[in-house]
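Student: My file is coords10.cif. It has mmCIF, C-alpha atoms and all ligand atoms:
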```cif
data_query
loop_
_atom_site.group_PDB
_atom_site.id
_atom_site.type_symbol
_atom_site.label_atom_id
_atom_site.label_comp_id
_atom_site.auth_asym_id
_atom_site.auth_seq_id
_atom_site.Cartn_x
_atom_site.Cartn_y
_atom_site.Cartn_z
ATOM 1 C CA MET A 29 13.664 19.142 33.524
ATOM 2 C CA SER A 30 13.241 22.679 32.142
ATOM 3 C CA GLU A 31 9.835 23.804 30.857
ATOM 4 C CA GLU A 32 11.265 23.869 27.319
ATOM 5 C CA GLY A 33 12.630 20.329 27.718
ATOM 6 C CA ALA A 34 9.293 19.064 29.016
ATOM 7 C CA ARG A 35 7.458 20.679 26.093
ATOM 8 C CA LYS A 36 9.812 19.145 23.540
ATOM 9 C CA ARG A 37 9.530 15.773 25.211
ATOM 10 C CA SER A 38 5.740 15.833 25.212
ATOM 11 C CA GLU A 39 5.733 16.915 21.528
ATOM 12 C CA ARG A 40 8.024 14.003 20.746
ATOM 13 C CA SER A 41 5.714 11.466 22.288
ATOM 14 C CA THR A 42 2.392 12.314 20.605
ATOM 15 C CA PRO A 43 0.957 9.424 18.547
ATOM 16 C CA GLU A 44 1.621 11.433 15.360
ATOM 17 C CA THR A 45 5.277 12.068 16.119
ATOM 18 C CA MET A 46 5.726 8.446 17.227
ATOM 19 C CA SER A 47 4.156 7.280 13.969
ATOM 20 C CA ARG A 48 6.413 9.575 11.985
ATOM 21 C CA THR A 49 9.403 8.169 13.816
ATOM 22 C CA PHE A 50 8.169 4.701 12.879
ATOM 23 C CA SER A 51 7.744 5.762 9.237
ATOM 24 C CA ALA A 52 11.202 7.285 9.106
ATOM 25 C CA SER A 53 12.687 4.101 10.509
ATOM 26 C CA VAL A 54 10.900 1.874 8.005
ATOM 27 C CA TYR A 55 10.903 3.838 4.699
ATOM 28 C CA ARG A 56 14.647 3.724 4.166
ATOM 29 C CA ALA A 57 17.273 1.727 2.329
ATOM 30 C CA TRP A 58 17.558 -1.773 3.790
ATOM 31 C CA ARG A 59 20.450 -4.166 3.256
ATOM 32 C CA THR A 60 18.094 -6.896 2.034
ATOM 33 C CA LYS A 61 14.384 -7.014 1.239
ATOM 34 C CA GLU A 62 13.952 -9.657 3.941
ATOM 35 C CA GLU A 63 15.041 -7.126 6.580
ATOM 36 C CA VAL A 64 12.071 -4.862 5.955
ATOM 37 C CA ALA A 65 9.647 -7.792 6.113
ATOM 38 C CA ASP A 66 11.185 -8.943 9.413
ATOM 39 C CA PHE A 67 10.973 -5.419 10.786
ATOM 40 C CA TYR A 68 7.232 -5.286 10.096
ATOM 41 C CA SER A 69 6.676 -8.780 11.425
ATOM 42 C CA ASN A 70 8.446 -7.903 14.667
ATOM 43 C CA SER A 71 6.742 -4.540 15.207
ATOM 44 C CA VAL A 72 3.177 -5.476 14.289
ATOM 45 C CA GLY A 73 1.984 -5.080 17.931
ATOM 46 C CA ASN A 74 0.080 -1.769 17.851
ATOM 47 C CA TYR A 75 -0.034 -1.295 14.084
ATOM 48 C CA ASP A 76 -3.835 -1.190 13.765
ATOM 49 C CA GLN A 77 -4.286 1.068 16.777
ATOM 50 C CA ASP A 78 -1.508 3.445 15.652
ATOM 51 C CA SER A 79 -2.864 3.516 12.078
ATOM 52 C CA ARG A 80 -6.530 4.042 12.865
ATOM 53 C CA VAL A 81 -8.619 5.980 10.397
ATOM 54 C CA GLU A 82 -8.332 9.448 12.003
ATOM 55 C CA ARG A 83 -4.573 9.244 11.445
ATOM 56 C CA TYR A 84 -4.123 7.110 8.347
ATOM 57 C CA LYS A 85 -6.693 7.658 5.593
ATOM 58 C CA GLY A 86 -5.058 5.559 2.845
ATOM 59 C CA PRO A 87 -7.293 2.483 3.228
ATOM 60 C CA VAL A 88 -10.518 4.554 3.226
ATOM 61 C CA ILE A 89 -9.452 6.601 0.202
ATOM 62 C CA ALA A 90 -8.379 3.511 -1.749
ATOM 63 C CA ALA A 91 -11.624 1.691 -0.934
ATOM 64 C CA ASN A 92 -13.752 4.718 -1.893
ATOM 65 C CA ALA A 93 -11.983 5.010 -5.269
ATOM 66 C CA MET A 94 -12.519 1.330 -5.974
ATOM 67 C CA ALA A 95 -16.179 1.389 -4.887
ATOM 68 C CA LYS A 96 -16.768 4.314 -7.252
ATOM 69 C CA TYR A 97 -15.035 2.553 -10.144
ATOM 70 C CA PHE A 98 -16.739 -0.841 -9.740
ATOM 71 C CA GLY A 99 -20.201 0.472 -8.731
ATOM 72 C CA ASN A 100 -22.841 -2.236 -9.163
ATOM 73 C CA ASN A 101 -20.223 -4.945 -9.750
ATOM 74 C CA ILE A 102 -18.656 -4.665 -6.294
ATOM 75 C CA PRO A 103 -19.824 -8.094 -5.012
ATOM 76 C CA GLN A 104 -18.270 -9.885 -8.040
ATOM 77 C CA THR A 105 -15.039 -7.872 -8.148
ATOM 78 C CA LYS A 106 -11.840 -9.832 -7.430
ATOM 79 C CA VAL A 107 -9.224 -7.744 -5.651
ATOM 80 C CA LEU A 108 -5.578 -8.283 -4.738
ATOM 81 C CA ASP A 109 -4.557 -6.150 -1.761
ATOM 82 C CA VAL A 110 -0.817 -5.735 -2.359
ATOM 83 C CA ALA A 111 1.361 -4.952 0.686
ATOM 84 C CA ALA A 112 -1.780 -5.842 2.620
ATOM 85 C CA GLY A 113 -0.088 -5.797 6.027
ATOM 86 C CA THR A 114 -2.659 -6.431 8.762
ATOM 87 C CA GLY A 115 -5.578 -5.997 6.344
ATOM 88 C CA LEU A 116 -6.663 -2.383 6.893
ATOM 89 C CA VAL A 117 -7.467 -1.926 3.185
ATOM 90 C CA GLY A 118 -9.295 -5.269 3.101
ATOM 91 C CA GLU A 119 -11.465 -4.207 6.039
ATOM 92 C CA GLN A 120 -12.499 -1.013 4.272
ATOM 93 C CA LEU A 121 -13.254 -2.923 1.067
ATOM 94 C CA GLN A 122 -15.318 -5.469 2.958
ATOM 95 C CA ASN A 123 -17.304 -2.626 4.575
ATOM 96 C CA ARG A 124 -18.203 -1.442 1.061
ATOM 97 C CA GLY A 125 -19.455 -4.865 -0.053
ATOM 98 C CA PHE A 126 -16.336 -6.342 -1.739
ATOM 99 C CA LYS A 127 -16.363 -10.102 -1.168
ATOM 100 C CA HIS A 128 -13.505 -11.573 -3.196
ATOM 101 C CA LEU A 129 -10.341 -10.341 -1.566
ATOM 102 C CA ASP A 130 -6.826 -11.819 -1.628
ATOM 103 C CA ALA A 131 -3.790 -10.433 0.182
ATOM 104 C CA LEU A 132 -0.090 -10.296 -0.635
ATOM 105 C CA ASP A 133 2.670 -9.175 1.718
ATOM 106 C CA PRO A 134 6.142 -10.491 2.599
ATOM 107 C CA ALA A 135 5.767 -9.959 6.377
ATOM 108 C CA ALA A 136 4.423 -13.167 7.908
ATOM 109 C CA GLY A 137 3.691 -11.429 11.221
ATOM 110 C CA MET A 138 1.509 -8.781 9.555
ATOM 111 C CA LEU A 139 -0.321 -11.446 7.562
ATOM 112 C CA GLU A 140 -0.965 -13.432 10.733
ATOM 113 C CA GLN A 141 -2.988 -10.479 12.058
ATOM 114 C CA ALA A 142 -4.741 -10.136 8.700
ATOM 115 C CA ARG A 143 -5.646 -13.841 8.687
ATOM 116 C CA LYS A 144 -7.468 -13.502 12.029
ATOM 117 C CA LYS A 145 -9.866 -10.965 10.469
ATOM 118 C CA ASN A 146 -11.260 -13.538 7.981
ATOM 119 C CA ILE A 147 -11.318 -11.029 5.147
ATOM 120 C CA TYR A 148 -9.119 -12.738 2.574
ATOM 121 C CA THR A 149 -9.580 -15.959 0.600
ATOM 122 C CA ASN A 150 -5.970 -16.427 -0.524
ATOM 123 C CA ILE A 151 -3.028 -14.981 1.363
ATOM 124 C CA TYR A 152 0.356 -14.853 -0.382
ATOM 125 C CA CYS A 153 3.466 -14.293 1.712
ATOM 126 C CA GLU A 154 5.506 -12.816 -1.150
ATOM 127 C CA PHE A 155 7.373 -9.698 -2.240
ATOM 128 C CA LEU A 156 6.206 -7.632 -5.169
ATOM 129 C CA ASP A 157 9.634 -6.860 -6.569
ATOM 130 C CA GLY A 158 9.505 -7.613 -10.281
ATOM 131 C CA ASN A 159 9.906 -11.378 -9.929
ATOM 132 C CA ARG A 160 7.051 -13.518 -11.222
ATOM 133 C CA LEU A 161 4.463 -14.242 -8.515
ATOM 134 C CA PRO A 162 2.742 -17.647 -8.261
ATOM 135 C CA ILE A 163 -0.539 -16.189 -9.562
ATOM 136 C CA ASP A 164 -2.011 -16.580 -13.082
ATOM 137 C CA ASP A 165 -2.259 -13.731 -15.616
ATOM 138 C CA ASP A 166 -5.458 -11.597 -15.505
ATOM 139 C CA THR A 167 -6.609 -13.078 -12.178
ATOM 140 C CA TYR A 168 -7.873 -9.815 -10.672
ATOM 141 C CA ASP A 169 -10.284 -7.040 -11.537
ATOM 142 C CA CYS A 170 -8.229 -4.759 -9.355
ATOM 143 C CA CYS A 171 -4.854 -4.540 -7.606
ATOM 144 C CA VAL A 172 -4.580 -1.978 -4.821
ATOM 145 C CA ILE A 173 -1.617 -0.699 -2.805
ATOM 146 C CA SER A 174 -1.791 1.656 0.146
ATOM 147 C CA GLY A 175 1.377 2.323 2.112
ATOM 148 C CA GLY A 176 3.460 -0.269 0.258
ATOM 149 C CA MET A 177 5.409 2.210 -1.876
ATOM 150 C CA GLY A 178 8.432 3.998 -0.444
ATOM 151 C CA GLU A 179 12.170 3.619 0.041
ATOM 152 C CA GLY A 180 13.017 -0.016 0.715
ATOM 153 C CA HIS A 181 9.502 -1.212 -0.165
ATOM 154 C CA ILE A 182 7.938 -2.032 -3.574
ATOM 155 C CA PRO A 183 10.359 -1.027 -6.339
ATOM 156 C CA CYS A 184 9.296 0.515 -9.682
ATOM 157 C CA ARG A 185 9.873 -2.790 -11.438
ATOM 158 C CA GLY A 186 6.956 -4.261 -9.433
ATOM 159 C CA LEU A 187 4.503 -2.340 -11.639
ATOM 160 C CA ASN A 188 4.854 -4.789 -14.536
ATOM 161 C CA GLU A 189 3.647 -7.625 -12.353
ATOM 162 C CA LEU A 190 0.557 -5.625 -11.295
ATOM 163 C CA ILE A 191 -0.297 -5.266 -14.985
ATOM 164 C CA ARG A 192 0.159 -9.002 -15.586
ATOM 165 C CA LEU A 193 -2.138 -9.935 -12.678
ATOM 166 C CA THR A 194 -4.947 -7.498 -13.548
ATOM 167 C CA ARG A 195 -7.351 -8.322 -16.385
ATOM 168 C CA PRO A 196 -7.840 -5.921 -19.329
ATOM 169 C CA GLY A 197 -10.345 -3.258 -18.272
ATOM 170 C CA GLY A 198 -9.394 -3.765 -14.612
ATOM 171 C CA LEU A 199 -8.014 -1.126 -12.253
ATOM 172 C CA VAL A 200 -4.706 -0.548 -10.479
ATOM 173 C CA CYS A 201 -4.905 1.918 -7.595
ATOM 174 C CA ILE A 202 -1.781 3.071 -5.734
ATOM 175 C CA LEU A 203 -1.662 5.378 -2.728
ATOM 176 C CA MET A 204 1.553 6.658 -1.256
ATOM 177 C CA ASN A 205 2.939 9.474 0.833
ATOM 178 C CA GLU A 206 3.696 12.389 -1.486
ATOM 179 C CA SER A 207 7.068 13.109 0.076
ATOM 180 C CA ARG A 208 8.156 9.450 -0.324
ATOM 181 C CA HIS A 209 8.134 10.030 -4.024
ATOM 182 C CA PRO A 210 11.100 12.467 -4.305
ATOM 183 C CA GLN A 211 12.803 10.926 -1.266
ATOM 184 C CA CYS A 212 13.051 7.498 -2.843
ATOM 185 C CA ARG A 213 15.804 7.348 -5.469
ATOM 186 C CA ASP A 214 14.153 4.533 -7.410
ATOM 187 C CA TYR A 215 10.902 6.534 -7.766
ATOM 188 C CA ARG A 216 12.481 9.952 -8.231
ATOM 189 C CA ASP A 217 14.567 8.659 -11.102
ATOM 190 C CA GLY A 218 11.934 6.495 -12.702
ATOM 191 C CA LEU A 219 8.416 6.020 -11.301
ATOM 192 C CA GLU A 220 6.426 8.495 -13.392
ATOM 193 C CA GLN A 221 8.683 7.896 -16.376
ATOM 194 C CA LEU A 222 7.950 4.160 -16.179
ATOM 195 C CA ILE A 223 4.224 4.854 -15.721
ATOM 196 C CA LYS A 224 4.296 6.898 -18.917
ATOM 197 C CA GLU A 225 6.367 4.317 -20.797
ATOM 198 C CA LEU A 226 3.854 1.631 -19.836
ATOM 199 C CA GLU A 227 1.053 3.852 -21.127
ATOM 200 C CA ASP A 228 2.945 4.534 -24.379
ATOM 201 C CA ALA A 229 3.461 0.780 -24.759
ATOM 202 C CA GLY A 230 -0.319 0.282 -24.522
ATOM 203 C CA LYS A 231 -0.162 -1.646 -21.239
ATOM 204 C CA TRP A 232 -2.417 0.667 -19.253
ATOM 205 C CA LYS A 233 -4.189 4.006 -19.405
ATOM 206 C CA TRP A 234 -3.147 6.491 -16.745
ATOM 207 C CA LEU A 235 -6.533 7.668 -15.412
ATOM 208 C CA SER A 236 -5.501 10.020 -12.630
ATOM 209 C CA ARG A 237 -2.884 11.390 -10.284
ATOM 210 C CA ASP A 238 -4.686 13.014 -7.354
ATOM 211 C CA ARG A 239 -3.254 14.812 -4.373
ATOM 212 C CA VAL A 240 -4.671 13.456 -1.109
ATOM 213 C CA PRO A 241 -4.491 16.041 1.689
ATOM 214 C CA LYS A 242 -3.526 14.626 5.082
ATOM 215 C CA TYR A 243 -3.197 11.094 3.751
ATOM 216 C CA ALA A 244 -1.228 9.736 6.712
ATOM 217 C CA PHE A 245 -0.291 11.264 10.057
ATOM 218 C CA GLY A 246 -0.889 14.771 8.729
ATOM 219 C CA ASP A 247 1.261 14.299 5.608
ATOM 220 C CA ASP A 248 -0.218 14.645 2.131
ATOM 221 C CA GLY A 249 -0.375 11.716 -0.223
ATOM 222 C CA VAL A 250 -0.868 10.946 -3.866
ATOM 223 C CA ARG A 251 -3.271 8.485 -5.497
ATOM 224 C CA PHE A 252 -2.575 7.016 -8.927
ATOM 225 C CA THR A 253 -5.215 5.080 -10.865
ATOM 226 C CA PHE A 254 -4.693 3.113 -14.077
ATOM 227 C CA ARG A 255 -6.984 1.064 -16.324
ATOM 228 C CA ILE A 256 -5.349 -2.017 -17.805
ATOM 229 C CA CYS A 257 -5.497 -2.257 -21.601
HETATM 230 C C1 LIG A 301 2.936 0.703 6.013
HETATM 231 S S1 LIG A 301 2.553 -0.982 5.710
HETATM 232 C C2 LIG A 301 0.992 -0.827 4.850
HETATM 233 C C3 LIG A 301 0.093 -2.011 5.123
HETATM 234 C C4 LIG A 301 -1.352 -1.853 4.650
HETATM 235 N N1 LIG A 301 -1.475 -1.748 3.217
HETATM 236 C C5 LIG A 301 -1.999 -0.661 5.299
HETATM 237 O O1 LIG A 301 -2.462 0.229 4.575
HETATM 238 O O2 LIG A 301 -2.061 -0.645 6.540
HETATM 239 C C6 LIG A 301 3.669 -1.428 4.401
HETATM 240 C C7 LIG A 301 3.617 -2.904 4.032
HETATM 241 O O3 LIG A 301 4.410 -3.080 2.840
HETATM 242 C C8 LIG A 301 4.941 -4.386 2.896
HETATM 243 N N2 LIG A 301 6.031 -4.489 1.916
HETATM 244 C C9 LIG A 301 7.284 -4.049 2.010
HETATM 245 N N3 LIG A 301 7.988 -4.363 0.901
HETATM 246 C C10 LIG A 301 7.130 -5.006 0.072
HETATM 247 C C11 LIG A 301 7.243 -5.583 -1.234
HETATM 248 N N4 LIG A 301 8.382 -5.543 -1.939
HETATM 249 N N5 LIG A 301 6.152 -6.181 -1.760
HETATM 250 C C12 LIG A 301 4.980 -6.199 -1.090
HETATM 251 N N6 LIG A 301 4.819 -5.676 0.137
HETATM 252 C C13 LIG A 301 5.869 -5.081 0.717
HETATM 253 C C14 LIG A 301 5.367 -4.518 4.356
HETATM 254 O O4 LIG A 301 5.573 -5.857 4.739
HETATM 255 C C15 LIG A 301 4.199 -3.847 5.079
HETATM 256 O O5 LIG A 301 3.236 -4.774 5.503
#
```
Reformat the file's structure so that it appears as structure tokens.
Ligand SMILES: C[S@@+](CC[C@H](N)C(=O)[O-])C[C@H]1O[C@@H](n2cnc3c(N)ncnc32)[C@H](O)[C@@H]1O
Tutor:
Amino acid sequence: MSEEGARKRSERSTPETMSRTFSASVYRAWRTKEEVADFYSNSVGNYDQDSRVERYKGPVIAANAMAKYFGNNIPQTKVLDVAAGTGLVGEQLQNRGFKHLDALDPAAGMLEQARKKNIYTNIYCEFLDGNRLPIDDDTYDCCVISGGMGEGHIPCRGLNELIRLTRPGGLVCILMNESRHPQCRDYRDGLEQLIKELEDAGKWKWLSRDRVPKYAFGDDGVRFTFRIC
């Protein structure tokens, strides 16, 4: 192999480039929503190792934002980790003293890993896709999503259900890759518009939209926070 070929090959196989390849293969249009859940379930193997904190900061940033918001009430705060996957966000929340954590994700294989960590009380194997979830209104003080938004993942219409599940005064915190936003047709055409419409309708107050440098695998992210009205 030529020197140039060897260099390109070694660049291709760094953990970062492998993770980006994984991301590109997963954040895309799928034929059915079940396909994406099966994909995650079948490729869970090295997820935690590949997504460790030096590479993927979403769980730490989400947990820090929530710890700041809930302050002295952390031990009583009830949280739903949406698109929980293997529980990376839950682990970070637990490290900061959160004790009442539930998880929701449609990928049974990811949830199986999460279950082994003994972080969550209730685990829901469900999609957030705008359909009504089997959870009562105002159950949570906070719903958090890190990594669950992108092409083929949680659609805009899922936001209404987050509002239903979170009590008035509670927090919704969403972290996503910044480039996923314009790349995903559903979001590009409607995410921030819907966020604003929900604010105008008095459903939530849009507290912040913060840029998160090097959120995941060197790519920047964005963090949205909302207070439910
Ligand atoms: C990149 S992983 C993020 C997992 C975890 N939050 C983390 O930070 O490691 C994306 C997760 O979104 C889940 N997901 C995909 N579509 C979803 C939907 N409609 N509702 C809820 N979760 C979904 C996948 O099953 C997968 O576990």
Student: Identify, counting only C-alpha atoms and all ligand atoms, the protein, DNA and RNA residues located within 7 Å of ligand LIG 301 (chain A), and give them as a PDB file with C-alpha atoms, in the coordinates of the input.
Tutor:
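Output below, filename part10.pdb:
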```
ATOM      1  CA  LYS A  61      14.384  -7.014   1.239  1.00  0.00           C
ATOM      2  CA  VAL A  64      12.071  -4.862   5.955  1.00  0.00           C
ATOM      3  CA  ALA A  65       9.647  -7.792   6.113  1.00  0.00           C
ATOM      4  CA  TYR A  68       7.232  -5.286  10.096  1.00  0.00           C
ATOM      5  CA  SER A  79      -2.864   3.516  12.078  1.00  0.00           C
ATOM      6  CA  GLY A  86      -5.058   5.559   2.845  1.00  0.00           C
ATOM      7  CA  PRO A  87      -7.293   2.483   3.228  1.00  0.00           C
ATOM      8  CA  VAL A 110      -0.817  -5.735  -2.359  1.00  0.00           C
ATOM      9  CA  ALA A 111       1.361  -4.952   0.686  1.00  0.00           C
ATOM     10  CA  ALA A 112      -1.780  -5.842   2.620  1.00  0.00           C
ATOM     11  CA  GLY A 113      -0.088  -5.797   6.027  1.00  0.00           C
ATOM     12  CA  THR A 114      -2.659  -6.431   8.762  1.00  0.00           C
ATOM     13  CA  GLY A 115      -5.578  -5.997   6.344  1.00  0.00           C
ATOM     14  CA  LEU A 116      -6.663  -2.383   6.893  1.00  0.00           C
ATOM     15  CA  VAL A 117      -7.467  -1.926   3.185  1.00  0.00           C
ATOM     16  CA  LEU A 132      -0.090 -10.296  -0.635  1.00  0.00           C
ATOM     17  CA  ASP A 133       2.670  -9.175   1.718  1.00  0.00           C
ATOM     18  CA  PRO A 134       6.142 -10.491   2.599  1.00  0.00           C
ATOM     19  CA  ALA A 135       5.767  -9.959   6.377  1.00  0.00           C
ATOM     20  CA  MET A 138       1.509  -8.781   9.555  1.00  0.00           C
ATOM     21  CA  GLU A 154       5.506 -12.816  -1.150  1.00  0.00           C
ATOM     22  CA  PHE A 155       7.373  -9.698  -2.240  1.00  0.00           C
ATOM     23  CA  LEU A 156       6.206  -7.632  -5.169  1.00  0.00           C
ATOM     24  CA  ASP A 157       9.634  -6.860  -6.569  1.00  0.00           C
ATOM     25  CA  ILE A 173      -1.617  -0.699  -2.805  1.00  0.00           C
ATOM     26  CA  SER A 174      -1.791   1.656   0.146  1.00  0.00           C
ATOM     27  CA  GLY A 175       1.377   2.323   2.112  1.00  0.00           C
ATOM     28  CA  GLY A 176       3.460  -0.269   0.258  1.00  0.00           C
ATOM     29  CA  GLY A 180      13.017  -0.016   0.715  1.00  0.00           C
ATOM     30  CA  HIS A 181       9.502  -1.212  -0.165  1.00  0.00           C
ATOM     31  CA  ILE A 182       7.938  -2.032  -3.574  1.00  0.00           C
ATOM     32  CA  PRO A 183      10.359  -1.027  -6.339  1.00  0.00           C
TER      33      PRO A 183
END
```
Student: Which is closer to Gln120 (chain A) than all the others in A:Asn150, A:Lys85, A:Asp228, A:Tyr168, using all atoms listed in the file?
Tutor: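 Residue with the minimum atom-to-atom distance to Gln120 (chain A): A:Lys85.
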Student: Go through A:Trp58, A:Phe254, A:Tyr152, A:Phe126 one by one, measure the shortest atom-to-atom distance of each to Asn101 (chain A) using only C-alpha atoms, and give the residue with the smallest value.
Tutor: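 Using only C-alpha atoms, the shortest distance to Asn101 (chain A) belongs to A:Phe126.
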Student: Which of these residues is nearest to Ile151 (chain A), using all atoms listed in the file: A:Pro196, A:Gly249, A:Pro210, A:Gly118?
Tutor: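 Using all atoms listed in the file, Ile151 (chain A) sits closest to A:Gly118.
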Student: What is the distance between CA of Met204 (chain A) and CA of Asp169 (chain A), in Å to one decimal?
Tutor: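 Between these atoms lies a distance of 20.8 Å.
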Student: List every protein, DNA or RNA residue that has an atom no more than 10 Å from (-20.6, -5.9, -7.0) in the file's coordinate frame, counting all atoms listed in the file, and report them as a list in words.
Tutor: Ala95, Phe98, Gly99, Asn100, Asn101, Ile102, Pro103, Gln104, Thr105, Lys106, Arg124, Gly125, Phe126, Lys127 and His128 of chain A
Student: Write out as an MDAnalysis selection string which residues come within 12 Å of Asn188 (chain A) when counting only C-alpha atoms, dropping same-chain ones fewer than 2 positions away.
Tutor: chainID A and resid 156:161 165 171 182:186 190:194 200 219 222:223 225:227 229 231:232 256
Student: What does the structure give for the distance between CA of Tyr243 (chain A) and CA of Arg83 (chain A), in Å to one decimal?
Tutor: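 Rounded to one decimal, the two atoms are 8.0 Å apart.
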Student: Measuring between all atoms listed in the file, which one of A:Glu44, A:Glu62, A:Glu206, A:Asp214 shows the shortest distance to Asp238 (chain A)?
Tutor: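 Closest to Asp238 (chain A), using all atoms listed in the file: A:Glu206.
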Student: Would you write out, as a PDB file with C-alpha atoms, keeping the file's coordinate frame, every residue that the PyMOL selection byres (((chain A and resi 148) around 7) and not hetatm) captures in this file?
Tutor:
```
ATOM      1  CA  LEU A 129     -10.341 -10.341  -1.566  1.00  0.00           C
ATOM      2  CA  ASP A 130      -6.826 -11.819  -1.628  1.00  0.00           C
ATOM      3  CA  ALA A 131      -3.790 -10.433   0.182  1.00  0.00           C
ATOM      4  CA  ASN A 146     -11.260 -13.538   7.981  1.00  0.00           C
ATOM      5  CA  ILE A 147     -11.318 -11.029   5.147  1.00  0.00           C
ATOM      6  CA  THR A 149      -9.580 -15.959   0.600  1.00  0.00           C
ATOM      7  CA  ASN A 150      -5.970 -16.427  -0.524  1.00  0.00           C
ATOM      8  CA  ILE A 151      -3.028 -14.981   1.363  1.00  0.00           C
TER       9      ILE A 151
END
```
Student: Rounded to one decimal in Å, what is the spacing between CA of Ala244 (chain A) and CA of Leu199 (chain A)?
Tutor: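 CA of Leu199 (chain A) lies at a distance of 22.9 Å from CA of Ala244 (chain A).
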Student: Need the shell around Gly178 (chain A): protein/DNA/RNA residues with any atom at most 9 Å away, counting all atoms listed in the file. Skip same-chain ones fewer than 5 positions apart. Format as a list in words?
Tutor: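 Here the qualifying residues turn out to be Tyr55, Arg56, Pro183, Met204, Asn205, Arg208, His209, Gln211, Cys212 and Tyr215 of chain A.
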Student: Pick the closest to Glu179 (chain A) from A:Ser207, A:Gln221, A:Gln141, A:Ser236: which is it, counting all atoms listed in the file?
Tutor: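 Nearest to Glu179 (chain A): A:Ser207.
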Student: For Glu82 (chain A), which residue out of A:Arg237, A:Arg143, A:Lys242, A:Lys224 is the nearest one, using all atoms listed in the file?
Tutor: A:Lys242
Student: Which polymer residues have any atom within 8 Å of an atom of Leu235 (chain A), counting all atoms listed in the file, with same-chain residues fewer than 4 positions away left out, as a list of chain:residue names?
Tutor: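 In the requested form, the answer reads A:Phe252, A:Thr253, A:Phe254, A:Arg255.
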